[in-house]
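Chemist: Next comes the structure file model-v5.txt, holding compact mmCIF, C-alpha atoms.
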# COMPACT_ATOMS: atom_id res chain seq x y z
CA MET J 1 -32.25 29.45 41.76
CA LYS J 2 -32.58 31.17 45.12
CA LEU J 3 -29.67 30.37 47.40
CA LEU J 4 -30.50 29.22 50.90
CA PRO J 5 -28.54 30.57 53.89
CA ASN J 6 -26.59 27.32 54.16
CA PRO J 7 -25.73 25.57 50.91
CA VAL J 8 -26.47 21.91 50.36
CA VAL J 9 -22.88 21.17 49.36
CA SER J 10 -19.51 22.57 50.39
CA VAL J 11 -16.89 21.94 47.70
CA ILE J 12 -13.38 21.86 49.16
CA ILE J 13 -10.39 22.42 46.92
CA VAL J 14 -6.90 22.21 48.37
CA SER J 15 -4.45 24.13 46.22
CA TRP J 16 -0.69 23.91 46.39
CA ASN J 17 1.23 25.51 43.55
CA SER J 18 -1.72 24.73 41.29
CA LYS J 19 -1.68 27.86 39.13
CA LYS J 20 -1.64 25.79 35.95
CA TYR J 21 -4.92 24.01 36.78
CA LEU J 22 -6.88 26.03 39.33
CA GLN J 23 -8.64 28.41 36.97
CA THR J 24 -9.93 25.54 34.84
CA CYS J 25 -11.15 23.69 37.93
CA LEU J 26 -13.09 26.74 39.12
CA ASP J 27 -14.50 27.33 35.63
CA LYS J 28 -15.85 23.78 35.63
CA LEU J 29 -17.49 24.34 39.01
CA ALA J 30 -19.08 27.57 37.80
CA ALA J 31 -20.71 25.58 34.99
CA GLN J 32 -22.39 23.02 37.28
CA THR J 33 -26.07 22.31 36.65
CA PHE J 34 -26.60 22.12 40.43
CA SER J 35 -25.92 25.55 41.90
CA ASP J 36 -26.64 25.44 45.63
CA PHE J 37 -23.05 24.99 46.74
CA GLU J 38 -20.17 26.95 48.21
CA VAL J 39 -16.53 26.62 47.30
CA ILE J 40 -13.91 26.63 50.03
CA LEU J 41 -10.49 27.07 48.48
CA VAL J 42 -7.71 26.21 50.92
CA ASP J 43 -4.35 27.47 49.71
CA ASN J 44 -1.72 25.24 51.26
CA GLY J 45 1.20 27.67 51.32
CA SER J 46 1.50 28.07 47.53
CA GLU J 47 4.44 29.99 46.14
CA ASP J 48 3.37 30.21 42.48
CA GLY J 49 0.86 33.07 42.80
CA ALA J 50 -2.08 30.81 41.96
CA LEU J 51 -4.52 32.95 43.94
CA ASP J 52 -3.53 36.24 42.36
CA GLU J 53 -5.57 35.52 39.25
CA ILE J 54 -8.83 34.70 41.07
CA GLN J 55 -8.99 37.37 43.77
CA ASP J 56 -11.56 39.38 41.79
CA TRP J 57 -13.21 36.41 40.14
CA HIS J 58 -16.97 36.43 40.79
CA ARG J 59 -18.51 33.71 38.65
CA LEU J 60 -18.96 31.56 41.76
CA PRO J 61 -21.59 33.09 44.07
CA ARG J 62 -19.99 31.57 47.17
CA LEU J 63 -16.21 31.44 47.13
CA GLN J 64 -14.27 31.46 50.37
CA ILE J 65 -10.49 31.49 50.29
CA LYS J 66 -8.48 30.27 53.26
CA LYS J 67 -4.77 30.99 53.03
CA LEU J 68 -2.44 28.84 55.12
CA GLY J 69 0.92 30.33 55.92
CA MET J 70 2.76 27.12 55.18
CA GLN J 71 2.29 23.73 53.54
CA GLN J 72 0.34 21.68 56.10
CA GLY J 73 -0.43 18.68 53.92
CA PHE J 74 -3.46 17.51 51.99
CA ALA J 75 -5.05 15.86 55.04
CA ALA J 76 -4.85 18.87 57.36
CA ALA J 77 -5.89 21.35 54.67
CA ASN J 78 -9.04 19.36 53.87
CA ASN J 79 -9.89 19.10 57.56
CA ILE J 80 -9.61 22.89 57.84
CA GLY J 81 -11.95 23.21 54.87
CA ALA J 82 -14.41 20.77 56.43
CA ARG J 83 -14.54 22.78 59.65
CA LEU J 84 -15.23 25.96 57.67
CA ALA J 85 -17.93 24.28 55.61
CA SER J 86 -21.63 24.81 56.24
CA GLY J 87 -23.12 22.33 53.76
CA LYS J 88 -24.73 19.02 54.60
CA TRP J 89 -22.35 17.37 52.11
CA LEU J 90 -18.64 17.78 51.56
CA ALA J 91 -17.48 17.44 47.96
CA LEU J 92 -13.71 17.08 47.80
CA LEU J 93 -12.15 18.01 44.49
CA ASN J 94 -8.50 18.15 43.49
CA SER J 95 -7.41 21.25 41.62
CA ASP J 96 -6.31 19.02 38.72
CA ALA J 97 -9.69 17.25 38.53
CA PHE J 98 -12.14 18.84 36.11
CA PRO J 99 -15.78 17.80 36.59
CA GLU J 100 -18.45 17.44 33.96
CA PRO J 101 -21.30 19.99 34.30
CA ASP J 102 -23.64 17.50 36.01
CA TRP J 103 -21.02 16.10 38.41
CA LEU J 104 -22.57 17.48 41.59
CA GLU J 105 -26.10 16.84 40.35
CA GLN J 106 -25.33 13.17 39.74
CA LEU J 107 -23.64 12.70 43.12
CA LEU J 108 -26.58 14.26 44.97
CA ARG J 109 -29.08 12.28 42.93
CA ALA J 110 -27.28 9.10 43.97
CA ALA J 111 -27.23 10.23 47.61
CA GLU J 112 -30.99 10.83 47.49
CA ARG J 113 -31.67 7.43 45.95
CA ALA J 114 -29.27 5.54 48.23
CA PRO J 115 -29.84 6.86 51.77
CA GLY J 116 -27.92 3.91 53.24
CA TYR J 117 -24.65 5.33 51.92
CA SER J 118 -22.68 8.23 53.38
CA SER J 119 -19.85 8.57 50.85
CA PHE J 120 -19.81 8.51 47.07
CA SER J 121 -17.02 8.00 44.57
CA SER J 122 -16.80 9.59 41.13
CA ARG J 123 -15.84 8.07 37.78
CA GLN J 124 -12.37 9.41 37.03
CA ILE J 125 -11.12 9.50 33.45
CA GLN J 126 -7.52 10.32 32.59
CA LEU J 127 -7.46 13.83 31.19
CA ASN J 128 -4.46 13.21 28.95
CA ALA J 129 -5.64 9.77 27.85
CA PRO J 130 -9.46 9.90 27.85
CA HIS J 131 -9.72 6.37 26.49
CA LEU J 132 -8.43 5.15 29.89
CA LEU J 133 -10.00 5.16 33.33
CA ASP J 134 -8.17 6.87 36.16
CA GLY J 135 -10.30 5.11 38.72
CA ALA J 136 -13.75 3.84 39.73
CA GLY J 137 -13.52 3.99 43.50
CA ASP J 138 -10.85 2.50 45.74
CA ALA J 139 -10.20 -1.17 46.46
CA TYR J 140 -8.62 -2.39 49.71
CA HIS J 141 -6.85 -5.73 49.92
CA ILE J 142 -6.42 -7.93 52.99
CA SER J 143 -2.63 -7.40 52.68
CA GLY J 144 -3.11 -3.67 53.34
CA LEU J 145 -2.45 -2.67 49.74
CA ALA J 146 -4.98 -0.46 47.98
CA TRP J 147 -5.56 0.70 44.42
CA ARG J 148 -8.05 2.55 42.26
CA ASN J 149 -10.52 0.16 40.61
CA GLY J 150 -10.16 0.01 36.85
CA TYR J 151 -7.06 2.17 36.61
CA LYS J 152 -5.75 2.19 33.00
CA LEU J 153 -8.62 0.04 31.73
CA ALA J 154 -10.65 1.16 28.71
CA SER J 155 -13.07 3.89 29.75
CA ALA J 156 -15.53 2.88 27.03
CA SER J 157 -16.14 -0.54 28.56
CA HIS J 158 -15.17 -0.44 32.25
CA GLY J 159 -16.48 1.31 35.33
CA LEU J 160 -19.95 1.77 33.85
CA GLN J 161 -22.01 0.14 36.61
CA GLN J 162 -23.03 1.67 39.91
CA LYS J 163 -21.80 -0.49 42.78
CA GLU J 164 -20.59 -0.48 46.34
CA VAL J 165 -16.83 0.05 46.71
CA PHE J 166 -14.54 0.06 49.70
CA SER J 167 -13.96 3.82 49.72
CA PRO J 168 -13.95 6.88 47.46
CA CYS J 169 -10.86 8.45 45.96
CA ALA J 170 -10.66 11.89 47.55
CA ALA J 171 -9.64 13.50 44.25
CA ALA J 172 -13.38 13.73 43.54
CA ALA J 173 -15.63 12.44 46.32
CA LEU J 174 -18.77 13.27 48.26
CA TYR J 175 -19.02 12.71 52.03
CA ALA J 176 -21.78 13.36 54.53
CA ARG J 177 -20.19 16.17 56.53
CA ASP J 178 -21.43 14.90 59.90
CA LYS J 179 -19.96 11.44 59.30
CA PHE J 180 -16.67 12.92 58.09
CA LEU J 181 -16.33 15.02 61.24
CA THR J 182 -17.54 12.29 63.61
CA VAL J 183 -14.60 10.03 62.74
CA GLY J 184 -12.17 12.97 62.89
CA GLY J 185 -11.73 13.57 59.17
CA PHE J 186 -8.37 12.72 57.63
CA ASP J 187 -5.49 11.63 59.84
CA GLU J 188 -3.23 14.67 59.72
CA ASP J 189 -0.13 12.63 60.57
CA TYR J 190 -0.43 11.18 57.06
CA PHE J 191 0.27 14.59 55.45
CA SER J 192 -0.84 13.22 52.06
CA TYR J 193 -1.43 9.89 50.28
CA PHE J 194 -3.55 6.99 51.54
CA GLU J 195 -5.50 9.34 53.81
CA ASP J 196 -8.69 8.70 51.85
CA VAL J 197 -8.34 4.91 52.16
CA ASP J 198 -7.73 5.28 55.90
CA LEU J 199 -10.78 7.52 56.26
CA GLY J 200 -12.87 5.08 54.24
CA PHE J 201 -11.74 2.22 56.49
CA ARG J 202 -12.67 4.12 59.65
CA LEU J 203 -16.07 5.00 58.19
CA ARG J 204 -16.53 1.33 57.32
CA LEU J 205 -15.74 0.30 60.88
CA GLY J 206 -18.43 2.72 62.00
CA GLY J 207 -21.00 1.00 59.82
CA GLU J 208 -20.92 3.41 56.86
CA LYS J 209 -20.89 2.46 53.17
CA CYS J 210 -19.55 3.93 49.93
CA LEU J 211 -21.24 3.93 46.51
CA TYR J 212 -19.48 4.34 43.17
CA VAL J 213 -21.46 6.65 40.86
CA PRO J 214 -20.41 6.20 37.20
CA GLU J 215 -22.61 9.10 36.05
CA ALA J 216 -20.53 11.55 38.13
CA VAL J 217 -17.54 12.12 35.86
CA VAL J 218 -14.32 14.05 36.36
CA HIS J 219 -11.27 14.29 34.12
CA HIS J 220 -8.19 13.90 36.28
CA ILE J 221 -4.52 14.60 35.67
CA GLY J 222 -3.29 12.98 38.91
CA SER J 223 -0.25 13.77 41.09
CA ALA J 224 0.06 17.12 39.33
CA SER J 225 1.74 18.74 42.34
CA THR J 226 3.87 15.90 43.70
CA GLY J 227 4.61 13.86 40.59
CA LYS J 228 3.78 10.24 39.81
CA ARG J 229 6.30 7.70 41.11
CA SER J 230 8.17 10.46 42.92
CA ASP J 231 10.11 9.79 46.11
CA PHE J 232 7.56 11.97 47.90
CA SER J 233 4.59 9.84 46.82
CA THR J 234 6.51 6.60 47.42
CA TYR J 235 7.51 7.60 50.94
CA HIS J 236 4.12 8.86 52.09
CA GLY J 237 2.15 6.17 50.29
CA TYR J 238 3.97 3.19 51.84
CA ARG J 239 4.44 4.71 55.30
CA ASN J 240 0.74 5.54 55.49
CA MET J 241 -0.24 2.14 54.07
CA ILE J 242 1.45 0.45 57.03
CA TRP J 243 -0.20 2.77 59.54
CA THR J 244 -3.63 2.19 57.95
CA PHE J 245 -3.32 -1.59 58.25
CA VAL J 246 -2.17 -1.45 61.87
CA LYS J 247 -4.80 1.10 62.92
CA ASN J 248 -7.85 -0.34 61.26
CA MET J 249 -7.60 -4.06 60.54
CA PRO J 250 -9.75 -5.74 63.20
CA ALA J 251 -8.44 -8.61 65.31
CA PRO J 252 -7.93 -11.47 64.69
CA TRP J 253 -7.50 -10.50 61.03
CA LEU J 254 -4.64 -8.19 61.94
CA TRP J 255 -2.59 -11.22 63.01
CA VAL J 256 -3.90 -13.57 60.32
CA PHE J 257 -3.00 -11.18 57.50
CA LEU J 258 0.15 -9.70 59.04
CA PRO J 259 2.48 -12.17 57.22
CA LEU J 260 0.82 -11.24 53.91
CA HIS J 261 1.17 -7.55 54.77
CA MET J 262 4.87 -7.96 55.53
CA ALA J 263 5.42 -10.00 52.36
CA ALA J 264 3.79 -7.24 50.29
CA ILE J 265 5.98 -4.59 51.89
CA LEU J 266 9.16 -6.59 51.30
CA PHE J 267 8.22 -7.30 47.68
CA PHE J 268 7.69 -3.63 46.89
CA ALA J 269 10.73 -2.62 48.93
CA ALA J 270 12.85 -4.87 46.73
CA TYR J 271 11.17 -3.70 43.53
CA LEU J 272 11.51 0.00 44.38
CA THR J 273 15.11 -0.44 45.48
CA ILE J 274 15.92 -1.97 42.10
CA ARG J 275 14.07 0.93 40.45
CA GLY J 276 16.29 3.41 42.27
CA GLN J 277 13.93 4.46 45.06
CA GLY J 278 15.49 2.44 47.84
CA LYS J 279 16.10 5.45 50.06
CA ALA J 280 12.45 6.54 49.90
CA ILE J 281 10.90 3.11 50.51
CA TRP J 282 13.21 2.08 53.36
CA LYS J 283 12.77 5.45 55.07
CA ALA J 284 9.01 4.94 54.76
CA ILE J 285 9.26 1.52 56.43
CA PHE J 286 11.52 2.66 59.25
CA ASP J 287 9.45 5.81 59.91
CA ALA J 288 6.27 3.72 59.93
CA ILE J 289 7.81 1.44 62.55
CA ALA J 290 8.97 4.43 64.59
CA GLY J 291 5.41 5.75 64.54
CA LEU J 292 3.82 2.49 65.68
CA PRO J 293 3.39 3.45 69.37
CA LYS J 294 1.23 6.43 68.39
CA THR J 295 -0.55 4.34 65.74
CA ILE J 296 -1.38 1.65 68.29
CA GLU J 297 -2.91 4.26 70.59
CA LYS J 298 -5.11 5.40 67.71
CA ARG J 299 -5.99 1.79 67.03
CA LYS J 300 -7.32 1.33 70.55
CA VAL J 301 -9.77 4.19 70.09
CA ILE J 302 -10.85 3.07 66.62
CA GLN J 303 -11.39 -0.58 67.54
CA ARG J 304 -13.33 0.28 70.71
CA SER J 305 -15.83 2.31 68.73
CA LYS J 306 -16.29 0.00 65.71
CA SER J 307 -19.81 -1.22 65.07
CA THR J 308 -19.63 -3.06 61.74
CA LYS J 309 -19.76 -6.84 61.59
CA TRP J 310 -16.75 -8.70 60.25
CA ASN J 311 -18.70 -10.31 57.42
CA GLU J 312 -19.90 -6.91 56.17
CA LEU J 313 -16.32 -5.67 56.03
CA TRP J 314 -15.12 -8.88 54.38
CA LYS J 315 -17.64 -8.47 51.54
CA VAL J 316 -16.11 -5.19 50.38
CA MET J 317 -12.41 -6.06 50.73
CA SER J 318 -10.34 -7.66 47.99
CA THR J 319 -9.41 -11.12 49.23
CA GLY J 320 -7.57 -12.92 46.43
CA VAL J 321 -4.03 -13.72 47.62
CA PHE J 322 -2.48 -12.96 44.23
CA GLU J 323 -4.81 -10.07 43.35
CA PRO J 324 -2.28 -7.31 44.17
CA LEU J 325 0.40 -9.01 42.06
CA GLN J 326 -2.01 -9.40 39.16
CA GLU J 327 -2.98 -5.74 39.46
CA PHE J 328 0.67 -4.70 39.60
CA LEU J 329 1.60 -6.72 36.52
CA ARG J 330 -1.39 -5.42 34.57
CA ARG J 331 -0.52 -1.80 35.30
CA ASN J 332 3.10 -2.26 34.37
CA GLN J 333 2.63 -4.05 31.06
Written as structure tokens, that's how I'd like the structure from this file.

Modeler:
Amino acid sequence: MKLLPNPVVSVIIVSWNSKKYLQTCLDKLAAQTFSDFEVILVDNGSEDGALDEIQDWHRLPRLQIKKLGMQQGFAAANNIGARLASGKWLALLNSDAFPEPDWLEQLLRAAERAPGYSSFSSRQIQLNAPHLLDGAGDAYHISGLAWRNGYKLASASHGLQQKEVFSPCAAAALYARDKFLTVGGFDEDYFSYFEDVDLGFRLRLGGEKCLYVPEAVVHHIGSASTGKRSDFSTYHGYRNMIWTFVKNMPAPWLWVFLPLHMAAILFFAAYLTIRGQGKAIWKAIFDAIAGLPKTIEKRKVIQRSKSTKWNELWKVMSTGVFEPLQEFLRRNQ
């Protein structure tokens, strides 16, 4: 296939100490059935020599490596990649997410058939437990909590239908590059965690929609760099959750659902304190409060420019009062 001057897709991979997984990720991209794409590999200050093994690696016709001198966070590194990109579409892929050969082909086929959508979410299957889903797009609850649809459900029977979801999980997602840049990309104050939900919310407020594409499959390890249930993920996840709710929830819903938001925070603060992560969760809460003046300024800009109708947003949010608790209990059985 003859490559055009500008590729259709720019695949962005942010690598941080990902030596164990990066080669496999790139091998999977080299095997894609759709070939008109570039790969922008943003090394986020790695110290494990991950790039040393791919410097002379030429199986990808377009591979651009951007080395950052220090760890700048997942959000900032992806934004740098997006600014370097020349494709119409941005495909974000974690270094520990290994796509099936037709992953890009299926995402682009969905984009062609659904022109009313500007972002697309992949079907994520747990690499180390392939009988379980890792996610089928992101859900956002009126309390401000969010989760991956179908996480830990049987992959043989769940997440098989194409449907609209609140937002894509950025571990393996496709965005229209112009829409991504128009809303400012990821909020770099987040550093990492919840930045994809926040971006999805801002796109929603601008009238954009997200489609889950079950045919676009990746096998995902998840939290390979930071660790699941680590203090790092707890701190950034809950701090950024609070900021996302304050920034994006339209009035009067912000005030209507604020008691539910606070109740959810206090519940998980108590639970995590009992689990031994009290320092991380309470620091997240206090730092989120300290950052509220800046968050409120961002809110003013976001809310002034929103164009979506409240009923359209309501249709794609999770609204059951006890839904987060049910999801929590199911995952912790």

Chemist: Can you work out the spacing between atom CA of J:Ala263 and atom CA of J:Gly73 in Å, to one decimal?

Modeler: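 Distance reported for this atom pair: 29.3 Å.
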
Chemist: Just the residues within 10 Å of J:Phe245, please, counting only C-alpha atoms, with nothing from its chain fewer than 5 positions along; format it as an MDAnalysis selection string.

Modeler: chainID J and resid 141:145 198 201 240 250 254 257:258 261 295 299

Chemist: Interatomic distance between atom CA of J:Gly237 and atom CA of J:Asp134?

Modeler: 17.5 Å

Chemist: Calculate how many Å separate atom CA of J:Asp196 from atom CA of J:Ile281, rounding to one decimal.

Modeler: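 Atom-to-atom, atom CA of J:Asp196 and atom CA of J:Ile281 are spaced 20.4 Å apart.
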
Chemist: Could you give me, as JSON, numbers by chain, the residues that sit within 10 Å of (-20.3, 13.9, 51.3) in the file's coordinates, counting all atoms listed in the file?

Modeler: {"J": [9, 10, 11, 87, 88, 89, 90, 91, 92, 107, 108, 111, 117, 118, 119, 120, 121, 173, 174, 175, 176, 177, 178, 179, 180]}

Chemist: When distances are computed from only C-alpha atoms, which of J:Thr234, J:Ser122, J:Asn149, J:Asn128 shows the smallest separation from J:Ser318?

Modeler: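 The answer is J:Asn149, which sits nearest to J:Ser318.
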
Chemist: Which polymer residues have any atom within 10 Å of an atom of stretch 77-85 of chain J, counting only C-alpha atoms, with same-chain residues fewer than 4 positions away left out, as number ranges by chain?

Modeler: J: 6-7, 9-15, 38-44, 64-68, 71-73, 89-93, 170, 177-178, 180-181, 184-188, 191-192

Chemist: Identify, on the basis of only C-alpha atoms, every residue whose closest approach to J:Ile125 does not exceed 12 Å; exclude the query and any residue fewer than 4 positions from it along the same chain; express the result as a ChimeraX atom specification.

Modeler: /J:96-100,129-137,148-156,158-160,171-172,214-222
